[in-house]
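Q: Here you go, this is coords38.cif (mmCIF, C-alpha atoms).
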```cif
data_start
#
loop_
_atom_site.label_atom_id
_atom_site.label_comp_id
_atom_site.auth_asym_id
_atom_site.auth_seq_id
_atom_site.Cartn_x
_atom_site.Cartn_y
_atom_site.Cartn_z
CA MET A 78 145.24 89.08 127.65
CA GLY A 79 143.23 90.45 124.70
CA ARG A 80 144.33 90.50 121.06
CA LYS A 81 145.48 94.12 121.23
CA GLU A 82 147.56 93.51 124.37
CA ALA A 83 149.03 90.32 122.89
CA ALA A 84 149.99 92.12 119.67
CA MET A 85 151.64 94.92 121.68
CA ALA A 86 153.56 92.35 123.72
CA ARG A 87 154.80 90.64 120.56
CA GLU A 88 155.98 93.94 119.08
CA LYS A 89 157.79 94.78 122.31
CA LYS A 90 159.51 91.38 122.24
CA ARG A 91 160.53 91.84 118.58
CA ALA A 92 162.01 95.25 119.34
CA ALA A 93 164.00 93.84 122.26
CA LEU A 94 165.32 90.94 120.22
CA ALA A 95 166.31 93.18 117.32
CA ALA A 96 168.19 95.48 119.69
CA GLU A 97 170.21 92.65 121.24
CA PRO A 98 171.18 90.08 118.60
CA VAL A 99 172.88 86.83 119.58
CA GLU A 100 176.64 87.19 119.81
CA GLN A 101 178.01 85.03 116.99
CA PRO A 102 181.49 83.51 117.47
CA ALA A 103 183.98 83.65 114.63
CA SER A 104 183.12 80.56 112.59
CA GLY A 105 183.10 79.74 108.92
CA ARG A 106 180.08 77.50 109.38
CA ARG A 107 177.44 80.21 109.41
CA ALA A 108 174.43 81.09 107.30
CA ARG A 109 171.81 83.78 107.04
CA VAL A 110 168.54 83.03 105.26
CA HIS A 111 165.74 85.45 104.48
CA ARG A 112 162.53 83.94 103.13
CA LYS A 113 159.54 86.07 102.16
CA THR A 114 156.23 84.95 100.69
CA ARG A 115 152.69 86.30 100.72
CA GLU A 116 152.11 84.26 103.88
CA THR A 117 155.31 84.67 105.90
CA GLU A 118 158.54 86.61 106.24
CA ILE A 119 161.32 84.80 108.07
CA THR A 120 164.95 85.54 108.88
CA VAL A 121 167.27 82.85 110.27
CA VAL A 122 170.86 83.42 111.39
CA LEU A 123 172.69 80.22 112.30
CA ASP A 124 176.16 79.37 113.57
CA LEU A 125 176.87 75.63 113.81
CA ASP A 126 179.73 76.14 116.26
CA GLY A 127 177.92 78.15 118.86
CA ARG A 128 177.29 78.00 122.59
CA GLY A 129 173.58 77.30 122.53
CA GLU A 130 172.46 80.93 122.51
CA ALA A 131 169.10 81.75 120.97
CA ARG A 132 166.92 84.75 120.23
CA ILE A 133 163.64 83.48 118.84
CA ASP A 134 160.44 85.29 117.93
CA THR A 135 158.07 83.46 115.61
CA GLY A 136 154.76 84.63 117.03
CA VAL A 137 154.12 81.01 118.10
CA PRO A 138 155.27 80.73 121.73
CA PHE A 139 155.49 76.92 121.82
CA LEU A 140 157.59 76.90 118.65
CA ASP A 141 159.84 79.55 120.21
CA HIS A 142 160.35 77.25 123.18
CA MET A 143 161.21 74.28 120.96
CA LEU A 144 163.69 76.29 118.86
CA GLU A 145 165.39 77.57 122.01
CA THR A 146 165.65 73.94 123.13
CA LEU A 147 167.13 72.96 119.76
CA ALA A 148 169.76 75.69 119.99
CA ARG A 149 170.69 75.00 123.59
CA HIS A 150 171.10 71.24 123.30
CA GLY A 151 172.53 71.34 119.78
CA PHE A 152 175.16 73.97 120.67
CA LEU A 153 173.88 76.24 117.93
CA ASN A 154 173.79 80.02 118.03
CA LEU A 155 170.43 80.74 116.49
CA GLU A 156 168.29 83.74 115.66
CA VAL A 157 164.84 83.30 114.16
CA HIS A 158 162.48 86.19 113.48
CA ALA A 159 159.19 85.39 111.79
CA ARG A 160 156.00 87.18 110.86
CA GLY A 161 153.20 85.08 109.47
CA ASP A 162 149.47 84.99 108.81
CA LEU A 163 148.66 83.76 112.29
CA GLN A 164 145.16 85.16 111.92
CA VAL A 165 144.59 82.21 109.55
CA ASP A 166 146.41 79.59 111.63
CA GLN A 167 149.94 78.60 112.61
CA HIS A 168 150.63 76.20 109.76
CA HIS A 169 152.36 78.54 107.29
CA THR A 170 154.59 80.04 109.98
CA VAL A 171 155.66 76.73 111.53
CA GLU A 172 156.32 75.04 108.19
CA ASP A 173 158.17 78.01 106.69
CA VAL A 174 160.37 78.36 109.77
CA GLY A 175 161.29 74.71 109.24
CA LEU A 176 162.10 75.41 105.59
CA ALA A 177 164.25 78.45 106.39
CA LEU A 178 166.09 76.70 109.21
CA GLY A 179 166.75 73.67 107.01
CA GLN A 180 168.14 75.91 104.27
CA ALA A 181 170.38 77.67 106.79
CA LEU A 182 171.64 74.34 108.09
CA ARG A 183 172.46 73.12 104.57
CA GLU A 184 174.28 76.34 103.69
CA ALA A 185 176.23 76.45 106.96
CA LEU A 186 177.43 72.87 106.44
CA GLY A 187 178.94 73.86 103.09
CA ASP A 188 180.69 70.97 101.34
CA LYS A 189 180.59 68.94 104.60
CA ARG A 190 184.29 68.18 104.57
CA GLY A 191 185.46 66.61 107.80
CA ILE A 192 182.06 66.16 109.44
CA ARG A 193 180.98 63.02 111.24
CA ARG A 194 177.81 62.95 109.10
CA PHE A 195 175.87 60.55 111.35
CA GLY A 196 174.41 61.30 114.75
CA SER A 197 171.94 59.74 117.14
CA ALA A 198 170.59 60.42 120.60
CA VAL A 199 167.96 59.16 123.00
CA CYS A 200 166.41 61.76 125.30
CA PRO A 201 163.93 61.25 128.15
CA LEU A 202 161.58 63.83 129.59
CA ASP A 203 159.73 62.36 132.53
CA GLU A 204 157.58 59.55 131.10
CA ALA A 205 158.48 60.35 127.47
CA LEU A 206 161.45 58.80 125.65
CA VAL A 207 162.35 59.70 122.06
CA GLN A 208 165.21 58.65 119.81
CA ALA A 209 166.53 60.73 116.91
CA ALA A 210 168.95 59.57 114.23
CA VAL A 211 170.40 61.92 111.63
CA ASP A 212 172.37 61.38 108.44
CA LEU A 213 173.57 64.56 106.73
CA SER A 214 173.59 62.62 103.49
CA GLY A 215 172.27 65.15 101.00
CA ARG A 216 169.19 62.95 100.56
CA PRO A 217 166.05 64.17 102.35
CA TYR A 218 163.92 61.63 104.17
CA LEU A 219 161.76 61.74 107.27
CA ALA A 220 160.69 58.67 109.24
CA TYR A 221 158.25 60.08 111.77
CA GLY A 222 157.38 57.83 114.66
CA LEU A 223 155.87 60.17 117.23
CA ASN A 224 152.49 59.18 118.67
CA ILE A 225 151.04 62.41 120.02
CA ARG A 226 147.46 61.80 121.10
CA ALA A 227 146.54 65.32 122.17
CA ALA A 228 145.52 67.64 119.34
CA ARG A 229 146.97 70.72 121.03
CA VAL A 230 149.53 71.92 123.52
CA GLY A 231 148.00 75.19 124.63
CA ASN A 232 147.03 76.77 121.32
CA PHE A 233 149.71 74.88 119.35
CA ASP A 234 148.49 72.27 116.86
CA THR A 235 150.57 69.16 117.53
CA GLU A 236 150.19 67.96 113.90
CA LEU A 237 152.52 70.81 112.97
CA VAL A 238 155.47 69.00 114.56
CA HIS A 239 155.43 66.60 111.60
CA ASP A 240 155.20 69.47 109.13
CA PHE A 241 158.11 71.29 110.75
CA MET A 242 160.30 68.17 110.76
CA GLN A 243 159.41 67.37 107.15
CA ALA A 244 160.27 70.90 106.03
CA LEU A 245 163.52 70.84 108.01
CA ALA A 246 164.62 67.47 106.61
CA ASN A 247 163.74 68.45 103.04
CA GLN A 248 165.63 71.73 103.01
CA ALA A 249 168.59 70.48 105.04
CA ALA A 250 168.76 67.46 102.69
CA MET A 251 169.13 65.12 105.62
CA ASN A 252 167.79 61.75 106.65
CA LEU A 253 165.91 62.11 109.93
CA HIS A 254 164.36 59.34 111.99
CA LEU A 255 162.28 60.12 115.08
CA HIS A 256 160.96 57.24 117.16
CA GLN A 257 159.01 57.42 120.39
CA THR A 258 159.52 54.58 122.86
CA SER A 259 157.16 55.90 125.51
CA GLY A 260 155.19 58.99 126.42
CA ARG A 261 151.77 60.26 127.46
CA ASN A 262 152.08 64.03 127.79
CA ALA A 263 152.19 65.80 124.40
CA HIS A 264 154.50 68.58 125.63
CA HIS A 265 156.95 66.03 127.01
CA ILE A 266 156.96 63.96 123.80
CA ILE A 267 157.56 66.95 121.55
CA GLU A 268 160.24 68.47 123.77
CA ALA A 269 162.03 65.12 124.06
CA ALA A 270 161.97 64.89 120.25
CA PHE A 271 163.53 68.34 119.83
CA LYS A 272 166.19 67.57 122.45
CA ALA A 273 167.04 64.26 120.79
CA LEU A 274 167.20 65.98 117.40
CA ALA A 275 169.47 68.65 118.84
CA ARG A 276 171.88 66.11 120.31
CA ALA A 277 171.91 64.01 117.14
CA LEU A 278 172.57 67.08 115.00
CA ASP A 279 175.37 68.19 117.30
CA MET A 280 177.06 64.81 116.87
CA ALA A 281 176.58 64.74 113.09
CA LYS A 282 177.87 68.28 112.47
CA GLN A 283 181.03 67.90 114.52
CA ILE A 284 184.38 67.88 112.76
CA ASP A 285 186.17 64.53 113.01
CA PRO A 286 189.96 64.94 112.58
CA ARG A 287 190.14 61.43 111.11
CA VAL A 288 187.96 62.46 108.15
CA VAL A 289 190.24 63.87 105.45
CA ASP A 290 187.57 64.67 102.85
CA VAL A 291 183.88 63.82 103.17
CA PRO A 292 182.58 60.69 104.90
CA SER A 293 181.24 59.00 101.76
CA THR A 294 182.55 56.43 99.30
CA LYS A 295 181.10 58.61 96.53
CA GLY A 296 183.41 61.50 97.44
CA THR A 297 180.54 63.94 97.86
CA LEU A 298 177.51 64.53 100.05
#
```
As structure tokens, how would this structure be written, given the file I've shared?
A:
Amino acid sequence: MGRKEAAMAREKKRAALAAEPVEQPASGRRARVHRKTRETEITVVLDLDGRGEARIDTGVPFLDHMLETLARHGFLNLEVHARGDLQVDQHHTVEDVGLALGQALREALGDKRGIRRFGSAVCPLDEALVQAAVDLSGRPYLAYGLNIRAARVGNFDTELVHDFMQALANQAAMNLHLHQTSGRNAHHIIEAAFKALARALDMAKQIDPRVVDVPSTKGTL
């Protein structure tokens, strides 16, 4: 497929996604973020209490796949529409999607009353095994322990996984640990990481009826 045909296909996909938005259930834990710079324009609509439905169009197919995975396994209803300077490279788009999604997550969590706060999960994908641990603490930190040897998955730069996770953790103000126990195939490692993150986030964002206020001795998160 040439550049002209690829551009036409992307526009057709955007039109279809815009015409059929994700059905959002009635939930108070929702956020809509619009971020526009000279390099990217991104809209994120997030519902924390969803059914795993996603409508994603970032112009980066592998990122679309990972965000759909995040929504499905994290039980998020998620829309992401992004336009970026992909003629330069994918960096600005991938990082800014992480920033916008992190901001939406922080806003949707609100004051965090009643949440479990902590979550962890271990997810395998064939030979790959990745653990994610999340603390919705209000303090951003990323411990990145993925060892991805291949430089690319298709035309996706695998270094951008770190940049996405860093942007997400910073804007969501969460502590995120990702550790790879095993793995050879880059696609498998990255997808296992997104699935583990999704499961850990789902655990951390859940409402615990035993938590009267916020789960912190400080009284705030």
Q: Taking all atoms listed in the file into account, name the residue in A:Ala269, A:Val110, A:Leu278, A:Ile133 that is nearest to Ala181 of chain A.
A: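 For Ala181 of chain A, the nearest of the given residues is A:Val110.
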Q: Please tabulate, as CSV, the residues of segment 167-199 of chain A that come within 12 Å of segment 142-152 of chain A, each with its closest pair of atoms and the distance in Å to one decimal, counting only C-alpha atoms and ordering rows by chain, then residue number upward.
A:
```
residue,atom,partner,partner_atom,distance
A:Val171,CA,A:Leu144,CA,10.9
A:Val174,CA,A:Leu144,CA,9.9
A:Gly175,CA,A:Leu144,CA,10.0
A:Leu178,CA,A:Leu144,CA,10.0
A:Gly196,CA,A:Gly151,CA,11.4
A:Ser197,CA,A:Gly151,CA,11.9
A:Ala198,CA,A:Gly151,CA,11.1
```
Q: Give me, as a PDB file with C-alpha atoms, in the coordinates of the input, all polymer residues having an atom no more than 10 Å from Ile284 of chain A, counting only C-alpha atoms and skipping those fewer than 3 positions away in the same chain.
A:
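Result file selection.pdb:
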```
ATOM      1  CA  LYS A 189     180.590  68.940 104.600  1.00  0.00           C
ATOM      2  CA  ARG A 190     184.290  68.180 104.570  1.00  0.00           C
ATOM      3  CA  GLY A 191     185.460  66.610 107.800  1.00  0.00           C
ATOM      4  CA  ILE A 192     182.060  66.160 109.440  1.00  0.00           C
ATOM      5  CA  ARG A 193     180.980  63.020 111.240  1.00  0.00           C
ATOM      6  CA  ARG A 194     177.810  62.950 109.100  1.00  0.00           C
ATOM      7  CA  MET A 280     177.060  64.810 116.870  1.00  0.00           C
ATOM      8  CA  ALA A 281     176.580  64.740 113.090  1.00  0.00           C
ATOM      9  CA  ARG A 287     190.140  61.430 111.110  1.00  0.00           C
ATOM     10  CA  VAL A 288     187.960  62.460 108.150  1.00  0.00           C
TER      11      VAL A 288
END
```
Q: The PyMOL selection byres ((chain A and resi 244) around 9) on the file shown: which residues, as a VMD selection string?
A: chain A and resid 172 to 179 239 to 243 245 to 249
Q: In terms of the shortest atom-to-atom distance over only C-alpha atoms, which of A:Ile267, A:Leu255, A:Leu213, A:Ala131 is closest to Gly187 of chain A?
A: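 Checking each of A:Ile267, A:Leu255, A:Leu213, A:Ala131 against Gly187 of chain A, counting only C-alpha atoms, the winner is A:Leu213.
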Q: When you count all atoms listed in the file, which of these residues is closest to Asn232 of chain A: A:Asp290, A:Asp203, A:Glu116, A:Asp166?
A: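 Checking each of A:Asp290, A:Asp203, A:Glu116, A:Asp166 against Asn232 of chain A, counting all atoms listed in the file, the winner is A:Asp166.
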Q: How many Å separate atom CA of Gly222 of chain A from atom CA of Gln257 of chain A?
A: 6.0 Å
Q: I need the residue set behind the PyMOL selection byres ((chain A and resi 113) around 12) for this file; please write it as a PyMOL selection string.
A: chain A and resi 110-112+114-121+158-161+169-170+173-174+176-177
Q: Identify which of the residues A:Met251, A:Ala108, A:Ala227, A:Leu140 lies closest to Leu125 of chain A, counting all atoms listed in the file when measuring atom-to-atom distances.
A: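 Smallest separation from Leu125 of chain A among the options: A:Ala108.
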Q: Could you tell me how far atom CA of Leu223 of chain A lies from atom CA of Ile266 of chain A, in Å and to one decimal?
A: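 These two atoms are separated by 7.7 Å.
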Q: Which distance in Å separates atom CA of Ala273 of chain A and atom CA of Val291 of chain A, to one decimal?
A: 24.4 Å
Q: Axis-aligned box over every listed atom of segment 119-130 of chain A, padded by 8 Å per side: centre and edges in Å to one decimal, as AutoDock Vina command-line options?
A:
```
--center_x 170.5 --center_y 80.6 --center_z 115.3 --size_x 34.4 --size_y 25.9 --size_z 30.5
```
Q: Counting only C-alpha atoms, which of A:Glu268, A:Asp285, A:Asp234, A:Asp126 gets nearest to Leu186 of chain A?
A: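 Of the candidates, the smallest distance to Leu186 of chain A is held by A:Asp126.
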Q: Of the candidates A:Ala275, A:Leu237, A:Ala250, A:Leu153, which one gets nearest to Phe139 of chain A if we count all atoms listed in the file?
A: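 Comparing A:Ala275, A:Leu237, A:Ala250, A:Leu153 against Phe139 of chain A, the winner is A:Leu237.
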Q: Counting all atoms listed in the file, which residues come within 7 Å of (175.6, 80.5, 115.1), with the point read in the file's coordinates, and could you list them as a list in words?
A: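 With a cut-off of 7 Å, the residues come to Gln101, Arg107, Val122, Leu123, Asp124, Leu125, Asp126, Gly127, Leu153, Asn154 and Leu155 of chain A.
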Q: Around the point (159.7, 57.4, 114.4) (coordinates from the file), which residues reach within 10 Å if we count all atoms listed in the file? Answer as a PyMOL selection string.
A: chain A and resi 207-210+219-224+253-258+270
